[in-house]
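> First the structure, which I've put down as structure tokens, then a few questions once you've had a look.
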Amino acid sequence: MLDTTALESFPSLISHGINVAGEISAPPSFQLPNSNDFDGFVKETIQMVKPAKGTTTLAFIFKEGVMVAADSRASMGGYISSQSVKKIIEINPYMLGTMAGGAADCQFWHRNLGIKCRLHELANKRRISVTGASKLLANILYSYRGMGSSVGTMIAGWDETGPGLYYVDSEGGRLKGNRFSVGSGSPYAYGVLDSGYKYDMSVEEASELARRAIYHATFRDGASGGVASVYYVGPTGRKKLSGDDVGELHYHYNPVTPSTVEQEMVEAAGP
Amino acid sequence: MSIFEYNGSALVAMVGKNCFAIASDRRLGVQLQTIATDFQRISKIHDKLFIGLSGLATDSQTLYQRLVFRHKLYQLREECDMKPETFASLVSSMQYEKRFGPYFCQPVIAGLGDDDKPFICTMDAIGAKELAKDFVVAGTASESLYGACESMFKPDMEAEELFETISQALLSSVDRDCLSGWGGHVYVVTPTEVKERILKGRMD
């Protein structure tokens, strides 16, 4: 059964919500496409969106809070459609979400989650926990499971219990954890992240680790690149720490020293 | 992704005033994963003839080895180097021999022919020659390369200006392609010298 609570706050343009008797009728919901082969259609949409998980995002919890980092490339098969996509979405001043998968899906559902978190604050006079926020998103995505949306996101934030990090995806999975990386570049990012991770890092060390992990992923993975953005979420809220162009980062980590090349002087073939 | 996009490649050749330049990217990948950043895609046949092979890397290596073999035999029999036009015909016929099980390669041939007149051509995987007077491109970034070359190319450029132009065209095109890049390799050939340069590019 589709969970349409997500759509209650959206008034429809055609006011069929109010019928003749002046009462509000059932809330509007997404229209399903008319097709003979609905399952086949859904399969095709899933395949269309699948390559879009070309990205690298990561997040980890450490002593001082949560560090979140991502690249900024959008690719369509082999073509790079953009090098400046914002993949870290600000849900509210103390929570961040990462984008992997369909850009439209991630943007829409994150904004929707932000709305629901604010409504929760107003209704309960206290901020929503990261656990609660991630559960809201996971339940909505579960109800749209199998319909072809592609979302691989991490919800990172700071609440009363301290730092929180959850992985939520469009298959309906929701995992609590300390370290996650999502996207086609995630194996490379995990390699650097796992070997350099210590719980007792300072904010500077953690941001350098996050930046390095994204850089290594952009080097090896063709579908990741652009700018390595690093955000930090701590007790006072979220803060963007750095946004370095990965092309320049490479030469920062591997400086080019001019070397003497053996010049070979060969007689050109005469007439 | 098709078989031509399995390894990823970018190749371009341009004609200048009594000189030519041929440039390639340096990435060798397996679909999205980058394996090497120093892969040689352009090879010398003789001092005034270069061939770059884009497409599936294993086929480009094999085709190159077979071409070197044929050229060495030619040198022994004819006691001189092959002209670029002749070599292009050789490559084209070798590819058409495999018409129903082709080499998945698109060659770019560049050389100095009689009177040191620059010659460039490219072919599809089954040997259809395309001669051009200005520039030829091949590889996964070919569409971007066409656009870049079309806007940057001027006829009768000297060697240094030709180098700048071909480098800018190559780097800006591979920056729009996930499967090629990670540096550049440029050869500028005049009747008296061959200049080989490595380009510092975006490594993402």
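Ordered as shown in the structure tokens, chains take letters A, B, and onward, while each chain numbers its residues from 1 and ligands are numbered from 1 in the order shown.
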Give me, as a tab-separated table, each residue of chain A that comes within 6 Å of chain B, together with its shortest interatomic pair and the distance in Å at one decimal, counting only C-alpha atoms, with rows ordered by chain and rising residue number.

residue	atom	partner	partner_atom	distance
A:Gly78	CA	B:Cys178	CA	5.3
A:Tyr79	CA	B:Asp177	CA	5.1
A:Ile80	CA	B:Arg176	CA	4.9
A:Thr218	CA	B:Asp204	CA	5.1
A:Phe219	CA	B:Asp204	CA	4.8
A:Arg220	CA	B:Thr34	CA	4.8
A:Asp221	CA	B:Gln33	CA	5.0
A:Gly222	CA	B:Leu32	CA	4.7
A:Ala223	CA	B:Cys178	CA	5.7
A:Gly225	CA	B:Asp204	CA	5.1
A:Gly247	CA	B:Arg202	CA	4.4
A:Ala268	CA	B:Thr192	CA	5.8
> Determine which residues of chain B DSSP labels as alpha helix (DSSP H) from the backbone of this structure, then write them out as a PyMOL selection string.
chain B and resi 57-78+84-97+142-152+159-174
> Excluding same-chain residues fewer than 6 positions from range 105-112 of chain A, what lies within 8 Å of it counting only C-alpha atoms, as a ChimeraX atom specification?
/A:6,89,91,97,99,137,149-151,153
> Distance CA of Ile115 in chain A-CA of Leu165 in chain A, one decimal place?
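Taking CA of Ile115 in chain A and CA of Leu165 in chain A, their separation equals 19.5 Å.
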> I'd like the interatomic distance between CA of Ile61 in chain A and CA of Ala156 in chain A, to a tenth of an Å.
8.8 Å
> To test your reading of the structure, identify every residue in range 73-120 of chain A that backbone DSSP assigns to strand (DSSP E), and report it as a list in words.
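Result set for range 73-120 of chain A (strand (DSSP E)): Ala74, Ser75, Met76, Tyr79, Ile80, Ser81, Ser82, Ile88, Ile89, Glu90, Ile91, Asn92, Met95, Leu96, Gly97 and Thr98 of chain A.
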> Output all heavy atoms for every residue in that selection, as a CSV table (one decimal), in the first residue's frame.

chain,number,residue,atom,x,y,z
A,74,ALA,N,28.2,14.2,-12.3
A,74,ALA,CA,27.0,13.5,-12.8
A,74,ALA,C,27.3,13.0,-14.2
A,74,ALA,O,27.8,13.7,-15.0
A,74,ALA,CB,25.8,14.5,-12.9
A,75,SER,N,27.1,11.6,-14.3
A,75,SER,CA,27.5,11.0,-15.6
A,75,SER,C,26.3,10.3,-16.2
A,75,SER,O,25.5,9.8,-15.5
A,75,SER,CB,28.6,10.1,-15.4
A,75,SER,OG,28.4,9.2,-14.4
A,76,MET,N,26.2,10.3,-17.5
A,76,MET,CA,25.1,9.6,-18.2
A,76,MET,C,25.9,8.6,-19.1
A,76,MET,O,26.3,9.0,-20.2
A,76,MET,CB,24.3,10.6,-19.1
A,76,MET,CG,23.6,11.6,-18.2
A,76,MET,SD,22.4,12.6,-19.0
A,76,MET,CE,23.1,13.1,-20.5
A,79,TYR,N,29.2,9.9,-20.8
A,79,TYR,CA,29.3,11.4,-20.9
A,79,TYR,C,29.2,12.0,-19.6
A,79,TYR,O,28.3,11.6,-18.8
A,79,TYR,CB,28.2,11.9,-21.8
A,79,TYR,CG,28.2,13.4,-22.0
A,79,TYR,CD1,29.2,14.0,-22.8
A,79,TYR,CD2,27.2,14.2,-21.5
A,79,TYR,CE1,29.3,15.3,-22.9
A,79,TYR,CE2,27.2,15.5,-21.7
A,79,TYR,CZ,28.3,16.1,-22.4
A,79,TYR,OH,28.3,17.5,-22.6
A,80,ILE,N,30.0,13.0,-19.3
A,80,ILE,CA,30.0,13.7,-18.1
A,80,ILE,C,29.0,14.9,-18.3
A,80,ILE,O,29.2,15.8,-19.0
A,80,ILE,CB,31.4,14.3,-17.7
A,80,ILE,CG1,32.3,13.2,-17.5
A,80,ILE,CG2,31.3,15.1,-16.4
A,80,ILE,CD1,33.8,13.6,-17.3
A,81,SER,N,27.8,14.8,-17.6
A,81,SER,CA,26.9,15.8,-17.8
A,81,SER,C,27.1,17.1,-16.9
A,81,SER,O,26.8,18.2,-17.3
A,81,SER,CB,25.4,15.3,-17.6
A,81,SER,OG,25.4,14.5,-16.5
A,82,SER,N,27.7,16.8,-15.7
A,82,SER,CA,28.1,18.0,-14.9
A,82,SER,C,29.2,17.7,-14.0
A,82,SER,O,29.3,16.5,-13.5
A,82,SER,CB,26.8,18.4,-14.1
A,82,SER,OG,27.2,19.4,-13.2
A,88,ILE,N,25.5,16.8,-1.4
A,88,ILE,CA,25.2,16.8,0.1
A,88,ILE,C,24.1,17.8,0.2
A,88,ILE,O,24.2,19.0,-0.1
A,88,ILE,CB,26.5,17.2,0.9
A,88,ILE,CG1,27.5,16.1,0.6
A,88,ILE,CG2,26.1,17.3,2.3
A,88,ILE,CD1,28.8,16.4,1.4
A,89,ILE,N,23.0,17.3,0.7
A,89,ILE,CA,21.7,18.1,0.8
A,89,ILE,C,21.5,18.5,2.2
A,89,ILE,O,21.6,17.7,3.1
A,89,ILE,CB,20.6,17.3,0.3
A,89,ILE,CG1,20.9,16.9,-1.2
A,89,ILE,CG2,19.3,18.0,0.3
A,89,ILE,CD1,20.1,15.7,-1.7
A,90,GLU,N,21.2,19.8,2.4
A,90,GLU,CA,21.0,20.2,3.8
A,90,GLU,C,19.5,20.1,4.1
A,90,GLU,O,18.7,20.8,3.7
A,90,GLU,CB,21.4,21.7,3.9
A,90,GLU,CG,22.9,21.9,3.7
A,90,GLU,CD,23.4,23.1,3.0
A,90,GLU,OE1,22.5,23.9,2.6
A,90,GLU,OE2,24.6,23.3,2.8
A,91,ILE,N,19.2,19.1,5.0
A,91,ILE,CA,17.8,18.8,5.3
A,91,ILE,C,17.3,19.9,6.3
A,91,ILE,O,16.3,20.4,6.1
A,91,ILE,CB,17.7,17.4,5.9
A,91,ILE,CG1,18.1,16.4,4.8
A,91,ILE,CG2,16.2,17.1,6.4
A,91,ILE,CD1,18.2,15.0,5.4
A,92,ASN,N,18.1,20.1,7.3
A,92,ASN,CA,17.8,21.2,8.2
A,92,ASN,C,19.2,21.6,8.9
A,92,ASN,O,20.2,20.9,8.7
A,92,ASN,CB,16.7,20.9,9.2
A,92,ASN,CG,17.0,19.7,10.1
A,92,ASN,OD1,18.2,19.5,10.6
A,92,ASN,ND2,16.0,18.8,10.3
A,95,MET,N,21.1,18.5,10.2
A,95,MET,CA,21.1,17.2,9.5
A,95,MET,C,21.4,17.3,8.1
A,95,MET,O,21.0,18.2,7.4
A,95,MET,CB,19.7,16.6,9.7
A,95,MET,CG,19.7,15.3,10.5
A,95,MET,SD,18.2,14.3,10.3
A,95,MET,CE,17.0,15.3,10.9
A,96,LEU,N,22.2,16.4,7.6
A,96,LEU,CA,22.6,16.4,6.2
A,96,LEU,C,22.2,15.0,5.6
A,96,LEU,O,22.2,14.0,6.2
A,96,LEU,CB,24.1,16.5,6.1
A,96,LEU,CG,24.8,17.8,6.5
A,96,LEU,CD1,26.3,17.6,6.5
A,96,LEU,CD2,24.4,18.9,5.5
A,97,GLY,N,21.9,15.1,4.3
A,97,GLY,CA,21.7,13.9,3.5
A,97,GLY,C,22.6,13.8,2.3
A,97,GLY,O,22.9,14.9,1.8
A,98,THR,N,23.0,12.6,1.9
A,98,THR,CA,23.8,12.5,0.7
A,98,THR,C,23.0,12.0,-0.4
A,98,THR,O,22.1,11.3,-0.2
A,98,THR,CB,25.0,11.6,1.0
A,98,THR,OG1,24.5,10.3,1.3
A,98,THR,CG2,25.9,12.1,2.1
